[in-house]
$ cat upload-v1.cif   # mmCIF, C-alpha atoms and all ligand atoms
data_structure
#
loop_
_atom_site.group_PDB
_atom_site.id
_atom_site.type_symbol
_atom_site.label_atom_id
_atom_site.label_comp_id
_atom_site.auth_asym_id
_atom_site.auth_seq_id
_atom_site.Cartn_x
_atom_site.Cartn_y
_atom_site.Cartn_z
ATOM 1 C CA GLN Y 30 -23.736 -119.898 -175.684
ATOM 2 C CA TYR Y 31 -22.142 -122.974 -177.243
ATOM 3 C CA ARG Y 32 -18.707 -123.020 -178.786
ATOM 4 C CA GLN Y 33 -19.087 -123.301 -182.527
ATOM 5 C CA GLY Y 34 -17.085 -124.249 -185.495
ATOM 6 C CA GLU Y 35 -13.860 -125.848 -184.466
ATOM 7 C CA TYR Y 36 -14.961 -129.309 -183.469
ATOM 8 C CA SER Y 37 -16.636 -130.866 -186.519
ATOM 9 C CA GLU Y 38 -14.472 -133.956 -186.320
ATOM 10 C CA VAL Y 39 -12.573 -135.941 -183.755
ATOM 11 C CA ALA Y 40 -9.369 -137.763 -184.684
ATOM 12 C CA VAL Y 41 -8.732 -140.895 -182.644
ATOM 13 C CA ALA Y 42 -5.350 -142.604 -182.691
ATOM 14 C CA THR Y 43 -5.790 -146.397 -182.692
ATOM 15 C CA PRO Y 44 -3.322 -149.248 -183.285
ATOM 16 C CA ASN Y 45 -4.696 -149.473 -186.852
ATOM 17 C CA GLY Y 46 -4.095 -145.771 -187.508
ATOM 18 C CA VAL Y 47 -6.076 -142.601 -187.015
ATOM 19 C CA VAL Y 48 -9.863 -142.965 -187.189
ATOM 20 C CA MET Y 49 -11.819 -139.795 -187.971
ATOM 21 C CA VAL Y 50 -15.289 -139.339 -186.493
ATOM 22 C CA GLY Y 51 -17.406 -136.608 -188.032
ATOM 23 C CA LYS Y 52 -19.776 -135.622 -190.775
ATOM 24 C CA HIS Y 53 -17.159 -135.431 -193.515
ATOM 25 C CA HIS Y 54 -15.986 -138.985 -192.884
ATOM 26 C CA PRO Y 55 -17.431 -142.473 -193.353
ATOM 27 C CA ILE Y 56 -19.689 -143.719 -190.565
ATOM 28 C CA THR Y 57 -17.592 -145.050 -187.700
ATOM 29 C CA VAL Y 58 -18.876 -148.093 -185.870
ATOM 30 C CA VAL Y 59 -18.224 -149.039 -182.249
ATOM 31 C CA ALA Y 60 -19.125 -152.630 -181.386
ATOM 32 C CA GLY Y 61 -18.640 -155.060 -178.534
ATOM 33 C CA PRO Y 62 -20.169 -156.446 -175.383
ATOM 34 C CA CYS Y 63 -21.765 -154.461 -172.610
ATOM 35 C CA SER Y 64 -19.241 -155.885 -170.114
ATOM 36 C CA VAL Y 65 -15.815 -157.433 -170.474
ATOM 37 C CA GLU Y 66 -16.431 -160.913 -169.043
ATOM 38 C CA ASN Y 67 -13.243 -162.886 -169.718
ATOM 39 C CA GLU Y 68 -10.278 -162.872 -172.067
ATOM 40 C CA ALA Y 69 -11.612 -165.409 -174.560
ATOM 41 C CA MET Y 70 -14.914 -163.602 -175.096
ATOM 42 C CA ILE Y 71 -13.463 -160.120 -175.463
ATOM 43 C CA VAL Y 72 -10.674 -161.196 -177.810
ATOM 44 C CA GLU Y 73 -13.061 -163.303 -179.891
ATOM 45 C CA THR Y 74 -15.595 -160.483 -180.080
ATOM 46 C CA ALA Y 75 -12.886 -157.999 -181.033
ATOM 47 C CA LYS Y 76 -11.743 -160.178 -183.924
ATOM 48 C CA ARG Y 77 -15.284 -160.826 -185.109
ATOM 49 C CA VAL Y 78 -16.389 -157.195 -185.089
ATOM 50 C CA LYS Y 79 -13.135 -156.118 -186.705
ATOM 51 C CA ALA Y 80 -13.678 -158.636 -189.500
ATOM 52 C CA ALA Y 81 -17.195 -157.261 -189.967
ATOM 53 C CA GLY Y 82 -15.838 -153.723 -190.383
ATOM 54 C CA ALA Y 83 -16.068 -152.098 -186.940
ATOM 55 C CA HIS Y 84 -13.548 -149.375 -186.063
ATOM 56 C CA PHE Y 85 -13.695 -149.555 -182.272
ATOM 57 C CA LEU Y 86 -14.231 -152.217 -179.631
ATOM 58 C CA ARG Y 87 -16.407 -151.293 -176.692
ATOM 59 C CA GLY Y 88 -16.607 -153.159 -173.384
ATOM 60 C CA GLY Y 89 -17.304 -152.110 -169.820
ATOM 61 C CA ALA Y 90 -14.770 -152.725 -167.056
ATOM 62 C CA TYR Y 91 -16.607 -150.526 -164.533
ATOM 63 C CA LYS Y 92 -20.361 -150.946 -164.932
ATOM 64 C CA PRO Y 93 -23.007 -148.487 -163.680
ATOM 65 C CA ARG Y 94 -25.705 -150.990 -162.667
ATOM 66 C CA THR Y 95 -29.103 -150.012 -161.308
ATOM 67 C CA SER Y 96 -28.836 -152.648 -158.598
ATOM 68 C CA PRO Y 97 -25.815 -152.815 -156.297
ATOM 69 C CA TYR Y 98 -26.271 -156.603 -156.277
ATOM 70 C CA ALA Y 99 -25.894 -156.902 -160.069
ATOM 71 C CA PHE Y 100 -22.544 -157.621 -161.733
ATOM 72 C CA GLN Y 101 -20.447 -154.473 -161.358
ATOM 73 C CA GLY Y 102 -17.771 -155.266 -163.956
ATOM 74 C CA HIS Y 103 -14.369 -156.830 -163.347
ATOM 75 C CA GLY Y 104 -12.692 -153.414 -162.935
ATOM 76 C CA GLU Y 105 -8.938 -153.199 -163.261
ATOM 77 C CA SER Y 106 -8.465 -156.787 -164.445
ATOM 78 C CA ALA Y 107 -10.924 -156.102 -167.288
ATOM 79 C CA LEU Y 108 -8.710 -153.212 -168.410
ATOM 80 C CA GLU Y 109 -5.915 -155.721 -168.955
ATOM 81 C CA LEU Y 110 -8.255 -157.849 -171.047
ATOM 82 C CA LEU Y 111 -9.199 -154.812 -173.129
ATOM 83 C CA ALA Y 112 -5.504 -154.160 -173.691
ATOM 84 C CA ALA Y 113 -5.128 -157.755 -174.901
ATOM 85 C CA ALA Y 114 -8.103 -157.371 -177.262
ATOM 86 C CA ARG Y 115 -6.680 -154.085 -178.563
ATOM 87 C CA GLU Y 116 -3.391 -155.799 -179.289
ATOM 88 C CA ALA Y 117 -5.041 -158.834 -180.903
ATOM 89 C CA SER Y 118 -7.398 -156.865 -183.150
ATOM 90 C CA GLY Y 119 -5.786 -153.462 -183.699
ATOM 91 C CA LEU Y 120 -9.113 -151.852 -182.821
ATOM 92 C CA GLY Y 121 -9.349 -148.687 -180.754
ATOM 93 C CA ILE Y 122 -10.897 -149.212 -177.311
ATOM 94 C CA ILE Y 123 -13.855 -147.349 -175.815
ATOM 95 C CA THR Y 124 -14.652 -147.955 -172.155
ATOM 96 C CA GLU Y 125 -16.465 -146.098 -169.405
ATOM 97 C CA VAL Y 126 -15.044 -144.170 -166.467
ATOM 98 C CA MET Y 127 -17.348 -143.844 -163.454
ATOM 99 C CA ASP Y 128 -14.965 -142.469 -160.853
ATOM 100 C CA THR Y 129 -12.283 -139.784 -161.108
ATOM 101 C CA ALA Y 130 -9.957 -142.085 -159.141
ATOM 102 C CA ASP Y 131 -9.944 -144.634 -162.003
ATOM 103 C CA LEU Y 132 -9.354 -142.209 -164.875
ATOM 104 C CA ASP Y 133 -5.588 -142.484 -165.177
ATOM 105 C CA LYS Y 134 -5.525 -146.261 -165.403
ATOM 106 C CA ILE Y 135 -8.476 -146.303 -167.828
ATOM 107 C CA ALA Y 136 -6.748 -143.715 -170.034
ATOM 108 C CA GLU Y 137 -3.736 -146.014 -170.335
ATOM 109 C CA VAL Y 138 -5.871 -148.549 -172.211
ATOM 110 C CA ALA Y 139 -8.753 -146.585 -173.725
ATOM 111 C CA ASP Y 140 -8.477 -144.668 -176.981
ATOM 112 C CA VAL Y 141 -11.772 -142.913 -176.189
ATOM 113 C CA ILE Y 142 -13.103 -142.386 -172.650
ATOM 114 C CA GLN Y 143 -16.839 -142.940 -172.235
ATOM 115 C CA ILE Y 144 -18.953 -140.955 -169.799
ATOM 116 C CA GLY Y 145 -22.156 -142.916 -169.267
ATOM 117 C CA ALA Y 146 -25.695 -141.607 -169.224
ATOM 118 C CA ARG Y 147 -25.850 -141.751 -165.430
ATOM 119 C CA ASN Y 148 -22.777 -139.543 -165.094
ATOM 120 C CA MET Y 149 -23.576 -137.009 -167.801
ATOM 121 C CA GLN Y 150 -23.780 -134.259 -165.199
ATOM 122 C CA ASN Y 151 -21.062 -135.525 -162.879
ATOM 123 C CA PHE Y 152 -19.232 -132.241 -163.167
ATOM 124 C CA SER Y 153 -16.072 -133.247 -161.332
ATOM 125 C CA LEU Y 154 -15.730 -136.217 -163.698
ATOM 126 C CA LEU Y 155 -16.370 -133.961 -166.728
ATOM 127 C CA LYS Y 156 -13.705 -131.484 -165.592
ATOM 128 C CA LYS Y 157 -11.235 -134.302 -165.074
ATOM 129 C CA VAL Y 158 -11.762 -135.875 -168.527
ATOM 130 C CA GLY Y 159 -11.560 -132.362 -169.948
ATOM 131 C CA ALA Y 160 -8.111 -131.957 -168.439
ATOM 132 C CA GLN Y 161 -6.610 -135.049 -170.130
ATOM 133 C CA ASP Y 162 -6.076 -135.642 -173.839
ATOM 134 C CA LYS Y 163 -7.998 -138.780 -174.788
ATOM 135 C CA PRO Y 164 -11.191 -138.044 -176.767
ATOM 136 C CA VAL Y 165 -14.421 -138.253 -174.763
ATOM 137 C CA LEU Y 166 -17.670 -139.984 -175.677
ATOM 138 C CA LEU Y 167 -20.446 -138.222 -173.761
ATOM 139 C CA LYS Y 168 -23.673 -140.175 -173.525
ATOM 140 C CA ARG Y 169 -26.929 -138.292 -173.098
ATOM 141 C CA GLY Y 170 -28.456 -138.620 -169.659
ATOM 142 C CA MET Y 171 -31.711 -140.557 -169.755
ATOM 143 C CA ALA Y 172 -33.664 -137.479 -168.607
ATOM 144 C CA ALA Y 173 -31.381 -134.790 -169.966
ATOM 145 C CA THR Y 174 -32.566 -132.048 -172.280
ATOM 146 C CA ILE Y 175 -30.438 -131.225 -175.289
ATOM 147 C CA ASP Y 176 -29.295 -128.032 -173.530
ATOM 148 C CA ASP Y 177 -28.304 -130.010 -170.413
ATOM 149 C CA TRP Y 178 -26.327 -132.358 -172.627
ATOM 150 C CA LEU Y 179 -24.560 -129.644 -174.607
ATOM 151 C CA MET Y 180 -23.693 -127.786 -171.407
ATOM 152 C CA ALA Y 181 -22.209 -131.002 -170.025
ATOM 153 C CA ALA Y 182 -20.095 -131.176 -173.200
ATOM 154 C CA GLU Y 183 -19.049 -127.564 -172.553
ATOM 155 C CA TYR Y 184 -17.525 -128.652 -169.247
ATOM 156 C CA VAL Y 185 -15.153 -130.918 -171.152
ATOM 157 C CA LEU Y 186 -14.417 -128.306 -173.819
ATOM 158 C CA ALA Y 187 -13.937 -125.545 -171.254
ATOM 159 C CA ALA Y 188 -11.452 -127.694 -169.341
ATOM 160 C CA GLY Y 189 -9.323 -127.852 -172.477
ATOM 161 C CA ASN Y 190 -10.316 -131.005 -174.356
ATOM 162 C CA PRO Y 191 -11.927 -130.193 -177.751
ATOM 163 C CA ASN Y 192 -12.452 -133.848 -178.695
ATOM 164 C CA VAL Y 193 -15.993 -134.681 -177.625
ATOM 165 C CA ILE Y 194 -18.427 -137.021 -179.380
ATOM 166 C CA LEU Y 195 -22.094 -136.846 -178.348
ATOM 167 C CA CYS Y 196 -23.924 -140.190 -178.025
ATOM 168 C CA GLU Y 197 -27.719 -140.474 -177.994
ATOM 169 C CA ARG Y 198 -28.715 -143.674 -176.163
ATOM 170 C CA GLY Y 199 -32.422 -143.228 -175.606
ATOM 171 C CA ILE Y 200 -34.387 -141.217 -173.074
ATOM 172 C CA ARG Y 201 -37.114 -142.036 -170.557
ATOM 173 C CA THR Y 202 -40.653 -141.598 -171.803
ATOM 174 C CA PHE Y 203 -43.951 -143.003 -170.539
ATOM 175 C CA ASP Y 204 -43.736 -146.349 -172.336
ATOM 176 C CA GLN Y 205 -41.087 -148.778 -171.142
ATOM 177 C CA LYS Y 206 -43.027 -151.934 -171.861
ATOM 178 C CA TYR Y 207 -41.916 -152.575 -175.420
ATOM 179 C CA THR Y 208 -38.650 -150.654 -175.546
ATOM 180 C CA ARG Y 209 -36.168 -149.985 -172.750
ATOM 181 C CA ASN Y 210 -35.829 -146.305 -173.689
ATOM 182 C CA THR Y 211 -37.128 -144.059 -176.461
ATOM 183 C CA LEU Y 212 -34.368 -143.527 -179.000
ATOM 184 C CA ASP Y 213 -34.521 -139.839 -179.862
ATOM 185 C CA LEU Y 214 -33.371 -139.647 -183.469
ATOM 186 C CA SER Y 215 -34.628 -136.079 -183.708
ATOM 187 C CA VAL Y 216 -31.370 -135.091 -181.992
ATOM 188 C CA LEU Y 217 -29.629 -135.601 -185.332
ATOM 189 C CA PRO Y 218 -31.076 -132.575 -187.157
ATOM 190 C CA VAL Y 219 -31.379 -130.586 -183.914
ATOM 191 C CA LEU Y 220 -27.742 -131.042 -182.897
ATOM 192 C CA ARG Y 221 -26.613 -130.206 -186.429
ATOM 193 C CA ASN Y 222 -28.140 -126.764 -185.912
ATOM 194 C CA LEU Y 223 -26.656 -126.267 -182.461
ATOM 195 C CA THR Y 224 -23.179 -127.756 -182.450
ATOM 196 C CA HIS Y 225 -20.376 -128.995 -184.623
ATOM 197 C CA LEU Y 226 -19.577 -131.876 -182.289
ATOM 198 C CA PRO Y 227 -19.755 -135.316 -183.957
ATOM 199 C CA ILE Y 228 -22.773 -137.460 -183.159
ATOM 200 C CA MET Y 229 -23.088 -141.163 -182.332
ATOM 201 C CA ILE Y 230 -26.327 -143.139 -182.001
ATOM 202 C CA ASP Y 231 -26.607 -146.183 -179.713
ATOM 203 C CA PRO Y 232 -29.674 -148.175 -180.794
ATOM 204 C CA SER Y 233 -28.766 -151.011 -178.391
ATOM 205 C CA HIS Y 234 -29.415 -149.078 -175.161
ATOM 206 C CA GLY Y 235 -31.911 -146.986 -177.130
ATOM 207 C CA THR Y 236 -34.274 -149.903 -177.702
ATOM 208 C CA GLY Y 237 -33.111 -152.590 -175.268
ATOM 209 C CA LYS Y 238 -34.066 -155.332 -177.734
ATOM 210 C CA SER Y 239 -31.741 -156.834 -180.305
ATOM 211 C CA ASP Y 240 -34.572 -157.285 -182.835
ATOM 212 C CA TYR Y 241 -35.031 -153.529 -183.038
ATOM 213 C CA VAL Y 242 -31.373 -152.592 -183.331
ATOM 214 C CA PRO Y 243 -30.864 -153.079 -187.098
ATOM 215 C CA SER Y 244 -33.781 -150.915 -188.213
ATOM 216 C CA MET Y 245 -32.827 -148.132 -185.803
ATOM 217 C CA ALA Y 246 -29.209 -148.285 -186.975
ATOM 218 C CA ILE Y 247 -30.391 -147.905 -190.567
ATOM 219 C CA ALA Y 248 -32.707 -145.048 -189.555
ATOM 220 C CA SER Y 249 -29.806 -143.323 -187.772
ATOM 221 C CA ILE Y 250 -27.740 -143.355 -190.938
ATOM 222 C CA ALA Y 251 -30.667 -142.088 -192.975
ATOM 223 C CA ALA Y 252 -31.063 -139.219 -190.489
ATOM 224 C CA GLY Y 253 -27.387 -138.306 -190.737
ATOM 225 C CA THR Y 254 -25.491 -139.845 -187.834
ATOM 226 C CA ASP Y 255 -21.697 -139.772 -187.871
ATOM 227 C CA SER Y 256 -21.257 -142.989 -185.925
ATOM 228 C CA LEU Y 257 -23.010 -145.926 -184.288
ATOM 229 C CA MET Y 258 -22.529 -147.929 -181.097
ATOM 230 C CA ILE Y 259 -23.820 -151.505 -181.242
ATOM 231 C CA GLU Y 260 -23.624 -154.090 -178.461
ATOM 232 C CA VAL Y 261 -22.384 -157.467 -179.706
ATOM 233 C CA HIS Y 262 -21.916 -160.596 -177.580
ATOM 234 C CA PRO Y 263 -20.775 -164.067 -178.682
ATOM 235 C CA ASN Y 264 -23.624 -165.635 -176.691
ATOM 236 C CA PRO Y 265 -26.245 -163.015 -175.785
ATOM 237 C CA ALA Y 266 -28.356 -165.492 -173.795
ATOM 238 C CA LYS Y 267 -25.447 -165.947 -171.368
ATOM 239 C CA ALA Y 268 -24.318 -162.300 -171.175
ATOM 240 C CA MET Y 269 -23.597 -160.887 -167.706
ATOM 241 C CA SER Y 270 -25.280 -157.609 -168.701
ATOM 242 C CA ASP Y 271 -27.515 -156.362 -171.517
ATOM 243 C CA GLY Y 272 -27.876 -159.722 -173.298
ATOM 244 C CA PRO Y 273 -31.410 -158.978 -174.594
ATOM 245 C CA GLN Y 274 -30.158 -156.004 -176.607
ATOM 246 C CA SER Y 275 -26.934 -157.585 -177.870
ATOM 247 C CA LEU Y 276 -26.492 -158.854 -181.421
ATOM 248 C CA THR Y 277 -24.633 -162.060 -182.136
ATOM 249 C CA PRO Y 278 -21.462 -161.571 -184.211
ATOM 250 C CA GLU Y 279 -23.289 -163.166 -187.173
ATOM 251 C CA ARG Y 280 -26.186 -160.726 -186.913
ATOM 252 C CA PHE Y 281 -23.754 -157.839 -186.537
ATOM 253 C CA ASP Y 282 -21.900 -158.926 -189.658
ATOM 254 C CA ARG Y 283 -25.162 -158.973 -191.609
ATOM 255 C CA LEU Y 284 -26.079 -155.549 -190.287
ATOM 256 C CA MET Y 285 -22.730 -154.138 -191.392
ATOM 257 C CA GLN Y 286 -23.407 -155.455 -194.879
ATOM 258 C CA GLU Y 287 -26.849 -153.864 -194.833
ATOM 259 C CA LEU Y 288 -25.381 -150.557 -193.679
ATOM 260 C CA SER Y 289 -22.694 -150.559 -196.348
ATOM 261 C CA VAL Y 290 -25.436 -150.717 -198.975
ATOM 262 C CA MET Y 291 -26.473 -147.295 -197.728
ATOM 263 C CA GLY Y 292 -23.175 -145.977 -198.968
ATOM 264 C CA LYS Y 293 -21.296 -144.061 -196.383
ATOM 265 C CA THR Y 294 -20.065 -146.852 -194.086
ATOM 266 C CA VAL Y 295 -16.448 -147.987 -193.928
HETATM 267 C C1 LIG Y 301 -23.080 -148.817 -171.745
HETATM 268 O O1 LIG Y 301 -22.654 -148.236 -172.769
HETATM 269 O O2 LIG Y 301 -22.907 -150.025 -171.506
HETATM 270 C C2 LIG Y 301 -23.904 -148.053 -170.796
HETATM 271 C C3 LIG Y 301 -23.981 -148.384 -169.516
HETATM 272 O O3 LIG Y 301 -24.570 -147.078 -171.415
HETATM 273 P P1 LIG Y 301 -25.519 -145.919 -170.830
HETATM 274 O O4 LIG Y 301 -24.629 -145.084 -169.959
HETATM 275 O O5 LIG Y 301 -25.967 -145.237 -172.074
HETATM 276 O O6 LIG Y 301 -26.631 -146.584 -170.079
HETATM 277 MN MN MN Y 302 -24.800 -151.987 -171.897
#
$ encode --input "upload-v1.cif" --output "C-alpha cells" --more "lines below"
Ligand code: PEP
Ligand code: MN
Amino acid sequence: QYRQGEYSEVAVATPNGVVMVGKHHPITVVAGPCSVENEAMIVETAKRVKAAGAHFLRGGAYKPRTSPYAFQGHGESALELLAAAREASGLGIITEVMDTADLDKIAEVADVIQIGARNMQNFSLLKKVGAQDKPVLLKRGMAATIDDWLMAAEYVLAAGNPNVILCERGIRTFDQKYTRNTLDLSVLPVLRNLTHLPIMIDPSHGTGKSDYVPSMAIASIAAGTDSLMIEVHPNPAKAMSDGPQSLTPERFDRLMQELSVMGKTV
C-alpha cells in the first residue's frame, strides 16, 4: 500500500551546494533555535552551528503553540531574518508551514518545508506541499501510528512531490513527568522495512530536556538514522520557546565531535 523503492534519498539544494539526505550518505544535521527571535540571534546561531558541522539551520517563523497566549512566532518578518541567516552562513533553511496561505512566501526562503507534528494529518496542507517542489520534512504526530504517518507522507507523494523526509519527534505515552515525549527509536528499524523514505530523529522535542539530547542523538545514529534535528539557542535560559530542551552552541559543538567519532557524520 506504500510506494516503494524510488525515494531512498532526498537531494536538497542549498547555498553551499546539494545536500543528500538518505541511508547511503553521511548523517545530515539540522540545528537551530525553536523560534527565530531577532536577527542577531539567528545569524549568530547559524554561524555557530555551521562551524560545528551542521548542514541546515532550523528556526520557526510561524509557531504552533499549545496556548494562544504564548509567543506565536514573528511570522513574515522572521522569514526575512532566515533569509539573512541563509545568506550569512550558506546553510539550507528548514522552517514550518502551518497554513496553506503562507506556503508560497515560506517556500521563497525555505530549502525544506516542515510540517509539524500537530499538522501531520492536515490533508489540505499536505496536498499543497505535495504540489510544490521544495522537499518536505514530515514530523510524526504525537499520537500518530506509523501507518497514519506513512499515509500522511503518501498524500505528499501522491500530489507529485517525491522528496519527503520522515521525522520522529517523540510520541505521547503515560509518563510526561521526566520527559516531554517518549522518543520512539524503534521507528528506525520498522520504517526501514516499510518505506525507502529518509528518516530524521529529533531528540530535542523527543525528550524536552537538553541533558538527554546527546545520548539520544548517539542512540539514533547507532540505530541507523539518516539525519538529526537538534535545537540550539545562544542563551537557552532566555529562549522565547523550548529553552529547556535547547543546547548551547558550545554543547552542540561538543556533541558534533562526539557524533563524528561514530563515523558516519559529516
Ligand atoms: C518544532 O520543530 O519546533 C516543532 C514545533 O516541532 P513539533 O511539530 O515536532 O512539535
Ligand atoms: Mn521547538
$ residues_near_ligand --input "upload-v1.cif" --ligand "ligand MN 302 (chain Y)" --cutoff "8 Å" --atoms "only C-alpha atoms and all ligand atoms" --output "ChimeraX atom specification"
/Y:62-64,89,233-234,260,270-271
$ write_last_selection --input "upload-v1.cif" --atoms "C-alpha atoms" --output "PDB file, keeping the file's coordinate frame"
ATOM      1  CA  PRO Y  62     -20.169-156.446-175.383  1.00  0.00           C
ATOM      2  CA  CYS Y  63     -21.765-154.461-172.610  1.00  0.00           C
ATOM      3  CA  SER Y  64     -19.241-155.885-170.114  1.00  0.00           C
ATOM      4  CA  GLY Y  89     -17.304-152.110-169.820  1.00  0.00           C
ATOM      5  CA  SER Y 233     -28.766-151.011-178.391  1.00  0.00           C
ATOM      6  CA  HIS Y 234     -29.415-149.078-175.161  1.00  0.00           C
ATOM      7  CA  GLU Y 260     -23.624-154.090-178.461  1.00  0.00           C
ATOM      8  CA  SER Y 270     -25.280-157.609-168.701  1.00  0.00           C
ATOM      9  CA  ASP Y 271     -27.515-156.362-171.517  1.00  0.00           C
TER      10      ASP Y 271
END
$ residues_near_point --input "upload-v1.cif" --point "(-15.8, -128.2, -173.5)" --cutoff "12 Å" --atoms "all atoms listed in the file" --output "PyMOL selection string"
chain Y and resi 30-33+35-36+152+155-161+164-165+167+178-195+224+226
$ residues_near_ligand --input "upload-v1.cif" --ligand "ligand LIG 301 (chain Y)" --cutoff "9 Å" --atoms "all atoms listed in the file" --output "tab-separated table (two decimals) with C-alpha atoms, keeping the file's coordinate frame"
chain	number	residue	atom	x	y	z
Y	62	PRO	CA	-20.17	-156.45	-175.38
Y	63	CYS	CA	-21.76	-154.46	-172.61
Y	64	SER	CA	-19.24	-155.88	-170.11
Y	87	ARG	CA	-16.41	-151.29	-176.69
Y	88	GLY	CA	-16.61	-153.16	-173.38
Y	89	GLY	CA	-17.30	-152.11	-169.82
Y	92	LYS	CA	-20.36	-150.95	-164.93
Y	93	PRO	CA	-23.01	-148.49	-163.68
Y	94	ARG	CA	-25.70	-150.99	-162.67
Y	124	THR	CA	-14.65	-147.96	-172.16
Y	125	GLU	CA	-16.46	-146.10	-169.40
Y	143	GLN	CA	-16.84	-142.94	-172.24
Y	144	ILE	CA	-18.95	-140.96	-169.80
Y	145	GLY	CA	-22.16	-142.92	-169.27
Y	146	ALA	CA	-25.70	-141.61	-169.22
Y	147	ARG	CA	-25.85	-141.75	-165.43
Y	148	ASN	CA	-22.78	-139.54	-165.09
Y	149	MET	CA	-23.58	-137.01	-167.80
Y	167	LEU	CA	-20.45	-138.22	-173.76
Y	168	LYS	CA	-23.67	-140.18	-173.52
Y	169	ARG	CA	-26.93	-138.29	-173.10
Y	170	GLY	CA	-28.46	-138.62	-169.66
Y	171	MET	CA	-31.71	-140.56	-169.76
Y	196	CYS	CA	-23.92	-140.19	-178.02
Y	197	GLU	CA	-27.72	-140.47	-177.99
Y	198	ARG	CA	-28.72	-143.67	-176.16
Y	199	GLY	CA	-32.42	-143.23	-175.61
Y	231	ASP	CA	-26.61	-146.18	-179.71
Y	233	SER	CA	-28.77	-151.01	-178.39
Y	234	HIS	CA	-29.42	-149.08	-175.16
Y	235	GLY	CA	-31.91	-146.99	-177.13
Y	258	MET	CA	-22.53	-147.93	-181.10
Y	260	GLU	CA	-23.62	-154.09	-178.46
Y	270	SER	CA	-25.28	-157.61	-168.70
Y	271	ASP	CA	-27.52	-156.36	-171.52
$ residues_near_point --input "upload-v1.cif" --point "(-7.3, -154.4, -192.3)" --cutoff "12 Å" --atoms "only C-alpha atoms" --output "number ranges by chain"
Y: 44-46, 76, 78-84, 118-120, 295
$ atom_distance --input "upload-v1.cif" --atom1 "CA of Leu86 in chain Y" --atom2 "CA of Val58 in chain Y"
8.8 Å
$ closest_residue --input "upload-v1.cif" --among "Y:Ile200, Y:Val219, Y:Leu214, Y:Ala69" --to "Ala252 in chain Y" --atoms "only C-alpha atoms"
Y:Leu214
$ atom_distance --input "upload-v1.cif" --atom1 "CA of Gly237 in chain Y" --atom2 "CA of Ser275 in chain Y"
8.4 Å
